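Trainee: mmCIF, C-alpha atoms, file upload19.cif:
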```cif
data_target
loop_
_atom_site.label_atom_id
_atom_site.label_comp_id
_atom_site.auth_asym_id
_atom_site.auth_seq_id
_atom_site.Cartn_x
_atom_site.Cartn_y
_atom_site.Cartn_z
CA MET Z 106 28.78 36.29 -84.04
CA LYS Z 107 27.36 32.77 -83.56
CA ARG Z 108 30.16 31.83 -81.16
CA ALA Z 109 29.56 35.01 -79.18
CA LEU Z 110 25.84 34.22 -78.84
CA VAL Z 111 26.56 30.67 -77.66
CA LEU Z 112 29.08 31.96 -75.11
CA ALA Z 113 26.67 34.58 -73.84
CA ALA Z 114 23.91 31.97 -73.45
CA ALA Z 115 26.27 29.67 -71.53
CA LEU Z 116 27.31 32.47 -69.23
CA ALA Z 117 23.69 33.45 -68.62
CA LEU Z 118 22.75 29.83 -67.82
CA GLY Z 119 25.71 29.51 -65.45
CA GLY Z 120 24.63 32.68 -63.71
CA CYS Z 121 21.12 31.38 -63.22
CA ILE Z 122 22.37 28.12 -61.69
CA SER Z 123 24.64 29.93 -59.27
CA LEU Z 124 21.72 32.04 -58.05
CA LEU Z 125 19.64 29.00 -56.97
CA PRO Z 126 19.48 28.58 -53.16
CA LYS Z 127 21.63 25.85 -51.69
CA ALA Z 128 19.87 22.83 -50.23
CA PRO Z 129 19.63 23.01 -46.43
CA PRO Z 130 21.89 20.63 -44.53
CA PRO Z 131 20.27 17.33 -43.52
CA PRO Z 132 18.97 17.19 -39.94
CA ARG Z 133 21.16 15.67 -37.25
CA THR Z 134 19.75 12.25 -36.42
CA PHE Z 135 19.93 10.58 -33.00
CA ILE Z 136 19.05 7.02 -31.97
CA LEU Z 137 16.44 6.53 -29.24
CA GLY Z 138 17.56 3.13 -27.92
CA ALA Z 139 17.83 1.21 -24.66
CA GLY Z 140 21.61 1.12 -24.31
CA GLU Z 141 23.04 -0.77 -21.34
CA VAL Z 142 20.40 -2.17 -18.96
CA ALA Z 143 21.28 -3.88 -15.69
CA HIS Z 144 19.70 -7.19 -14.74
CA ALA Z 145 16.96 -6.46 -12.21
CA GLU Z 146 16.72 -8.02 -8.77
CA GLY Z 147 13.39 -9.46 -7.75
CA ALA Z 148 11.16 -12.49 -8.13
CA PRO Z 149 10.99 -13.84 -11.70
CA VAL Z 150 7.64 -13.89 -13.47
CA ASP Z 151 6.82 -17.08 -15.37
CA GLY Z 152 5.06 -15.36 -18.22
CA VAL Z 153 5.46 -13.37 -21.43
CA ILE Z 154 4.81 -9.63 -21.36
CA ALA Z 155 3.75 -7.66 -24.44
CA VAL Z 156 4.22 -3.93 -24.90
CA ALA Z 157 1.61 -1.98 -26.86
CA ALA Z 158 2.60 1.06 -28.90
CA PRO Z 159 2.25 4.12 -26.68
CA GLY Z 160 -0.59 6.54 -27.20
CA GLY Z 161 -0.35 10.27 -26.71
CA ASP Z 162 -0.02 13.62 -28.45
CA ARG Z 163 1.36 13.18 -31.97
CA ALA Z 164 3.55 16.25 -31.46
CA LEU Z 165 5.45 14.30 -28.79
CA LEU Z 166 5.54 10.95 -30.58
CA GLY Z 167 6.85 11.85 -34.03
CA ALA Z 168 10.43 11.97 -35.27
CA GLU Z 169 11.06 15.54 -34.10
CA MET Z 170 12.37 16.48 -30.66
CA VAL Z 171 10.10 18.81 -28.71
CA TRP Z 172 11.09 21.93 -26.75
CA SER Z 173 8.40 23.47 -24.54
CA THR Z 174 8.08 27.02 -23.25
CA GLY Z 175 5.10 27.22 -20.95
CA ASP Z 176 2.13 25.96 -22.95
CA GLU Z 177 3.89 26.39 -26.29
CA LEU Z 178 5.63 23.51 -28.06
CA ALA Z 179 8.35 23.88 -30.69
CA TYR Z 180 10.65 21.46 -32.46
CA VAL Z 181 14.42 21.44 -31.98
CA GLY Z 182 15.69 22.76 -35.32
CA HIS Z 183 17.43 20.45 -37.81
CA THR Z 184 17.26 17.56 -35.33
CA GLN Z 185 15.27 14.33 -35.30
CA TRP Z 186 15.14 10.79 -33.97
CA SER Z 187 16.08 7.94 -36.30
CA ALA Z 188 12.46 6.67 -36.01
CA ASP Z 189 9.16 8.05 -34.80
CA ALA Z 190 9.24 8.31 -31.01
CA ASP Z 191 6.24 6.00 -30.51
CA ASP Z 192 7.97 3.14 -32.38
CA ALA Z 193 11.32 3.85 -30.73
CA LEU Z 194 9.87 4.07 -27.21
CA GLN Z 195 7.98 0.81 -27.70
CA ALA Z 196 11.17 -0.95 -28.84
CA LEU Z 197 13.15 0.67 -26.02
CA LEU Z 198 10.70 -0.63 -23.39
CA VAL Z 199 10.65 -4.15 -24.89
CA GLU Z 200 14.45 -4.30 -24.81
CA THR Z 201 14.57 -2.91 -21.27
CA LEU Z 202 12.14 -5.58 -20.03
CA SER Z 203 14.11 -8.26 -21.82
CA ARG Z 204 17.47 -7.14 -20.42
CA GLN Z 205 16.13 -6.77 -16.87
CA GLY Z 206 15.27 -10.43 -17.19
CA ARG Z 207 12.38 -10.88 -14.79
CA PHE Z 208 9.80 -12.01 -17.37
CA ARG Z 209 10.20 -15.19 -19.40
CA ALA Z 210 10.18 -12.99 -22.51
CA ALA Z 211 9.19 -9.50 -23.65
CA VAL Z 212 7.68 -8.77 -27.08
CA ARG Z 213 5.77 -6.16 -29.01
CA ALA Z 214 2.00 -6.55 -28.70
CA GLY Z 215 0.60 -8.91 -31.34
CA GLU Z 216 3.82 -10.84 -31.99
CA VAL Z 217 3.07 -13.88 -29.80
CA ARG Z 218 0.61 -14.88 -27.13
CA ALA Z 219 1.37 -13.10 -23.86
CA GLN Z 220 0.06 -13.41 -20.32
CA TYR Z 221 0.63 -9.73 -19.50
CA GLU Z 222 0.51 -6.51 -21.47
CA ILE Z 223 1.67 -2.94 -20.87
CA ARG Z 224 -0.68 -0.32 -22.25
CA TRP Z 225 0.54 3.24 -21.86
CA ASP Z 226 0.05 6.86 -22.83
CA VAL Z 227 2.98 9.26 -23.01
CA ILE Z 228 1.97 12.51 -21.31
CA SER Z 229 5.32 14.31 -21.54
CA PHE Z 230 8.44 13.72 -23.61
CA GLN Z 231 10.04 17.10 -24.13
CA VAL Z 232 12.60 19.61 -22.91
CA ASP Z 233 11.21 22.11 -20.41
CA SER Z 234 13.03 25.32 -21.35
CA ALA Z 235 12.27 27.08 -18.04
CA ALA Z 236 13.87 24.33 -15.94
CA MET Z 237 16.30 23.18 -18.66
CA THR Z 238 15.17 19.65 -17.93
CA ALA Z 239 14.09 16.78 -20.18
CA ARG Z 240 10.88 15.26 -18.85
CA PHE Z 241 9.31 11.86 -19.49
CA ARG Z 242 5.89 11.07 -18.01
CA ALA Z 243 3.58 8.18 -18.86
CA ASP Z 244 0.28 6.76 -17.64
CA VAL Z 245 0.97 3.01 -17.48
CA LYS Z 246 -1.50 0.15 -17.10
CA LEU Z 247 -0.49 -3.48 -16.57
CA THR Z 248 -3.15 -5.86 -17.84
CA GLN Z 249 -3.52 -9.62 -17.70
CA THR Z 250 -4.93 -11.80 -20.45
CA PRO Z 251 -7.41 -13.07 -21.33
CA GLY Z 252 -9.78 -10.13 -21.06
CA ARG Z 253 -7.13 -7.45 -20.45
CA GLN Z 254 -8.04 -7.19 -16.80
CA VAL Z 255 -6.17 -4.25 -15.26
CA ILE Z 256 -3.81 -5.44 -12.53
CA ALA Z 257 -2.28 -2.06 -11.71
CA GLN Z 258 -1.94 1.49 -12.96
CA GLU Z 259 0.73 4.08 -12.22
CA ILE Z 260 2.03 7.43 -13.45
CA VAL Z 261 5.74 6.93 -14.14
CA GLU Z 262 8.03 9.95 -14.33
CA ALA Z 263 11.70 10.52 -15.06
CA SER Z 264 13.82 13.58 -15.83
CA ALA Z 265 17.35 14.57 -16.79
CA PRO Z 266 19.15 17.93 -16.81
CA VAL Z 267 19.84 19.59 -20.16
CA PRO Z 268 23.44 20.89 -20.18
CA GLY Z 269 22.85 23.66 -22.71
CA ARG Z 270 20.83 24.85 -25.66
CA SER Z 271 22.46 22.52 -28.14
CA GLN Z 272 20.98 19.78 -30.30
CA SER Z 273 23.19 17.09 -28.82
CA GLY Z 274 22.47 18.26 -25.26
CA ALA Z 275 18.71 18.11 -25.80
CA ALA Z 276 18.93 14.68 -27.44
CA ALA Z 277 21.13 13.23 -24.70
CA ALA Z 278 18.85 14.49 -21.92
CA LEU Z 279 15.70 13.20 -23.61
CA LEU Z 280 17.36 9.83 -24.16
CA GLN Z 281 18.41 9.62 -20.51
CA ALA Z 282 14.89 10.48 -19.31
CA ALA Z 283 13.33 7.91 -21.66
CA ARG Z 284 15.71 5.16 -20.52
CA GLU Z 285 15.10 5.91 -16.85
CA GLY Z 286 11.36 6.01 -17.46
CA ALA Z 287 11.45 2.66 -19.29
CA ALA Z 288 13.46 1.10 -16.45
CA ARG Z 289 10.88 2.27 -13.92
CA ILE Z 290 7.98 1.01 -16.05
CA ALA Z 291 9.67 -2.40 -16.40
CA LEU Z 292 10.23 -2.69 -12.63
CA PHE Z 293 6.65 -1.60 -11.92
CA ALA Z 294 5.30 -4.22 -14.34
CA ALA Z 295 7.47 -7.03 -12.96
CA ASP Z 296 6.70 -6.23 -9.32
CA ARG Z 297 2.95 -6.03 -9.90
CA ALA Z 298 2.86 -9.14 -12.11
CA SER Z 299 4.85 -11.06 -9.52
CA SER Z 300 2.41 -10.04 -6.78
CA ALA Z 301 -0.59 -10.93 -8.93
CA SER Z 302 0.80 -14.40 -9.75
CA ARG Z 303 1.29 -15.41 -6.09
CA PRO Z 304 -1.37 -17.78 -4.78
CA THR Z 305 -3.65 -16.25 -2.16
CA ASN Z 306 -4.15 -17.92 1.18
CA PRO Z 307 -7.53 -19.57 1.62
#
```
Starting from the coordinates I provided, produce the structure as structure tokens.
Mentor:
Amino acid sequence: MKRALVLAAALALGGCISLLPKAPPPPRTFILGAGEVAHAEGAPVDGVIAVAAPGGDRALLGAEMVWSTGDELAYVGHTQWSADADDALQALLVETLSRQGRFRAAVRAGEVRAQYEIRWDVISFQVDSAAMTARFRADVKLTQTPGRQVIAQEIVEASAPVPGRSQSGAAAALLQAAREGAARIALFAADRASSASRPTNP
């Protein structure tokens, strides 16, 4: 009788364990990095440029990828960046500036003393479901120290087609748009800093 009770309890316990829901699969994780960046043509700038962390809507700058339908935002299911988008975009822009090679050096804001600084707000970084397009849009200001005097301001935009409604397709398109946007921001900053550093005629 005792053995029967022990066996029944074991079977009951095993049944309870088998009824517990399985843990969901971990999200697919993608890296938001600069990749290959070509050396940029143009006058070199004898100065260090710092990149501030981007501002903007936290829904766009977290670890999740955003899919928009009209005015509604949703996250791409079971998919995320390997870091929050604000940190990753800041690092991506620093590396892009460095690889383009027109400034003496490019750093994150606060690391070392810099003569120029990029301050920016990300307005769009999402997949537009109606157009099946990944869109990157940022309001960029180039400032000069000391005093953070604004040298120039520009809205920088980039986009990339989304091949299909897949996680990898959305990630690849967003990455392409971010890289193209960073390249355009870097060229804008170098061109405007170069113009500002030229001596004016008396």
Trainee: Rank Z:Arg133, Z:Arg163, Z:Lys127, Z:Arg284 by their smallest atom-to-atom distance to Val227 of chain Z, using all atoms listed in the file, and report the top residue only.
Mentor: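 Selected residue with least distance to Val227 of chain Z: Z:Arg163.
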Trainee: Name the residues that the PyMOL selection byres ((chain Z and resi 134) around 12) pulls out of this structure, and write them as a ChimeraX atom specification.
Mentor: /Z:130-133,135-137,168-170,181-189,272-273,276-277
Trainee: Please enumerate the residues selected by the PyMOL selection byres ((chain Z and resi 223) around 12) when evaluated against the supplied file, formatted as a ChimeraX atom specification.
Mentor: /Z:153-160,195,198-199,202,211-214,219-222,224-226,243-250,253-259,287,290-295,297-298
Trainee: Considering only C-alpha atoms, state which residue in the set Z:Phe208, Z:Leu279, Z:Glu285, Z:Asp162 is at the smallest distance from Arg240 of chain Z.
Mentor: Z:Leu279
Trainee: Return as a ChimeraX atom specification the set of residues that the PyMOL selection byres ((chain Z and resi 146) around 12) yields on the displayed structure.
Mentor: /Z:143-145,147-150,204-208,291-292,295-296
Trainee: With distances taken over all atoms listed in the file, which residue among Z:Asp233, Z:Glu141, Z:Glu262, Z:Asp191 lies nearest Ala179 of chain Z?
Mentor: Z:Asp233
Trainee: (11.9, 26.2, -23.6) in this file's frame - what residues fall within 9 Å of it? Use all atoms listed in the file and give the answer as a list in words.
Mentor: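 Output: Trp172, Ser173, Thr174, Gly175, Glu177, Leu178, Ala179, Val232, Asp233, Ser234, Ala235, Ala236 and Met237 of chain Z.
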Trainee: Smallest atom-to-atom distance to Ala265 of chain Z: which of Z:Ala239, Z:Leu166, Z:Val217, Z:Leu280, using only C-alpha atoms?
Mentor: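 Of the candidates, the smallest distance to Ala265 of chain Z is held by Z:Ala239.
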Trainee: What's the separation between atom CA of Ala288 of chain Z and atom CA of Ala210 of chain Z, in Å to one decimal place?
Mentor: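 Going from atom CA of Ala288 of chain Z over to atom CA of Ala210 of chain Z covers 15.7 Å.
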Trainee: Calculate how many Å separate atom CA of Leu194 of chain Z from atom CA of Gly215 of chain Z, rounding to one decimal.
Mentor: 16.5 Å
Trainee: When you count all atoms listed in the file, which of these residues is closest to Gly140 of chain Z: Z:Leu197, Z:Ile228, Z:Ala278, Z:Ala301?
Mentor: Z:Leu197
Trainee: Tell me, in Å to one decimal, how far atom CA of Ala275 of chain Z is from atom CA of Asp176 of chain Z.
Mentor: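 Spanning atom CA of Ala275 of chain Z to atom CA of Asp176 of chain Z is a straight-line distance of 18.6 Å.
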Trainee: Which residue, Z:Glu200, Z:Ser229, Z:Pro129, Z:Ala193, has the smallest gap to Val171 of chain Z when you use only C-alpha atoms?
Mentor: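 Smallest separation from Val171 of chain Z among the options: Z:Ser229.
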Trainee: N, CA, C and O atoms for segment 149-173 of chain Z, written as a short mmCIF file (atom, residue, chain, number, x, y, z; two decimals), in the frame of the given file, could you do that?
Mentor:
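Output file result.cif is given in full below:
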```
data_model
loop_
_atom_site.label_atom_id
_atom_site.label_comp_id
_atom_site.auth_asym_id
_atom_site.auth_seq_id
_atom_site.Cartn_x
_atom_site.Cartn_y
_atom_site.Cartn_z
N PRO Z 149 11.29 -13.69 -10.27
CA PRO Z 149 10.99 -13.84 -11.70
C PRO Z 149 9.51 -14.07 -11.92
O PRO Z 149 8.80 -14.56 -11.04
N VAL Z 150 9.04 -13.71 -13.10
CA VAL Z 150 7.64 -13.89 -13.47
C VAL Z 150 7.59 -14.91 -14.61
O VAL Z 150 8.17 -14.69 -15.67
N ASP Z 151 6.90 -16.03 -14.36
CA ASP Z 151 6.82 -17.08 -15.37
C ASP Z 151 5.72 -16.73 -16.37
O ASP Z 151 4.61 -17.29 -16.34
N GLY Z 152 6.03 -15.79 -17.24
CA GLY Z 152 5.06 -15.36 -18.22
C GLY Z 152 5.70 -14.44 -19.24
O GLY Z 152 6.79 -13.91 -19.03
N VAL Z 153 5.01 -14.27 -20.36
CA VAL Z 153 5.46 -13.37 -21.43
C VAL Z 153 4.72 -12.05 -21.27
O VAL Z 153 3.51 -12.04 -21.02
N ILE Z 154 5.44 -10.95 -21.42
CA ILE Z 154 4.81 -9.63 -21.36
C ILE Z 154 4.91 -8.96 -22.71
O ILE Z 154 5.96 -9.00 -23.37
N ALA Z 155 3.80 -8.39 -23.16
CA ALA Z 155 3.75 -7.66 -24.44
C ALA Z 155 3.67 -6.17 -24.15
O ALA Z 155 3.10 -5.74 -23.14
N VAL Z 156 4.23 -5.38 -25.03
CA VAL Z 156 4.22 -3.93 -24.90
C VAL Z 156 3.46 -3.34 -26.08
O VAL Z 156 3.86 -3.52 -27.24
N ALA Z 157 2.37 -2.65 -25.80
CA ALA Z 157 1.61 -1.98 -26.86
C ALA Z 157 2.35 -0.71 -27.28
O ALA Z 157 3.18 -0.17 -26.53
N ALA Z 158 2.06 -0.24 -28.48
CA ALA Z 158 2.60 1.06 -28.90
C ALA Z 158 2.00 2.14 -28.01
O ALA Z 158 0.81 2.10 -27.70
N PRO Z 159 2.79 3.10 -27.57
CA PRO Z 159 2.25 4.12 -26.68
C PRO Z 159 1.30 5.06 -27.41
O PRO Z 159 1.48 5.37 -28.59
N GLY Z 160 0.27 5.49 -26.69
CA GLY Z 160 -0.59 6.54 -27.20
C GLY Z 160 -0.09 7.88 -26.70
O GLY Z 160 0.84 7.96 -25.89
N GLY Z 161 -0.73 8.94 -27.16
CA GLY Z 161 -0.35 10.27 -26.71
C GLY Z 161 -0.40 11.28 -27.82
O GLY Z 161 -0.78 10.97 -28.96
N ASP Z 162 -0.02 12.50 -27.50
CA ASP Z 162 -0.02 13.62 -28.45
C ASP Z 162 0.96 13.34 -29.58
O ASP Z 162 2.13 13.03 -29.34
N ARG Z 163 0.49 13.46 -30.82
CA ARG Z 163 1.36 13.18 -31.97
C ARG Z 163 2.55 14.13 -32.04
O ARG Z 163 3.59 13.79 -32.58
N ALA Z 164 2.41 15.32 -31.47
CA ALA Z 164 3.55 16.25 -31.46
C ALA Z 164 4.70 15.69 -30.65
O ALA Z 164 5.87 15.98 -30.94
N LEU Z 165 4.41 14.88 -29.64
CA LEU Z 165 5.45 14.30 -28.79
C LEU Z 165 5.98 12.98 -29.33
O LEU Z 165 7.07 12.55 -28.94
N LEU Z 166 5.22 12.33 -30.20
CA LEU Z 166 5.54 10.95 -30.58
C LEU Z 166 5.98 10.80 -32.03
O LEU Z 166 6.01 9.70 -32.56
N GLY Z 167 6.32 11.91 -32.68
CA GLY Z 167 6.85 11.85 -34.03
C GLY Z 167 8.36 11.75 -34.02
O GLY Z 167 8.99 11.42 -33.01
N ALA Z 168 8.97 12.06 -35.15
CA ALA Z 168 10.43 11.97 -35.27
C ALA Z 168 11.14 13.19 -34.71
O ALA Z 168 12.33 13.13 -34.40
N GLU Z 169 10.42 14.31 -34.55
CA GLU Z 169 11.06 15.54 -34.10
C GLU Z 169 11.17 15.59 -32.58
O GLU Z 169 10.33 15.04 -31.87
N MET Z 170 12.21 16.26 -32.09
CA MET Z 170 12.37 16.48 -30.66
C MET Z 170 11.64 17.76 -30.27
O MET Z 170 11.69 18.75 -31.00
N VAL Z 171 10.99 17.72 -29.11
CA VAL Z 171 10.10 18.81 -28.71
C VAL Z 171 10.73 19.63 -27.59
O VAL Z 171 11.30 19.10 -26.64
N TRP Z 172 10.60 20.95 -27.73
CA TRP Z 172 11.09 21.93 -26.75
C TRP Z 172 9.88 22.74 -26.31
O TRP Z 172 9.19 23.33 -27.14
N SER Z 173 9.59 22.77 -25.01
CA SER Z 173 8.40 23.47 -24.54
C SER Z 173 8.76 24.73 -23.77
O SER Z 173 9.72 24.74 -22.99
#
```
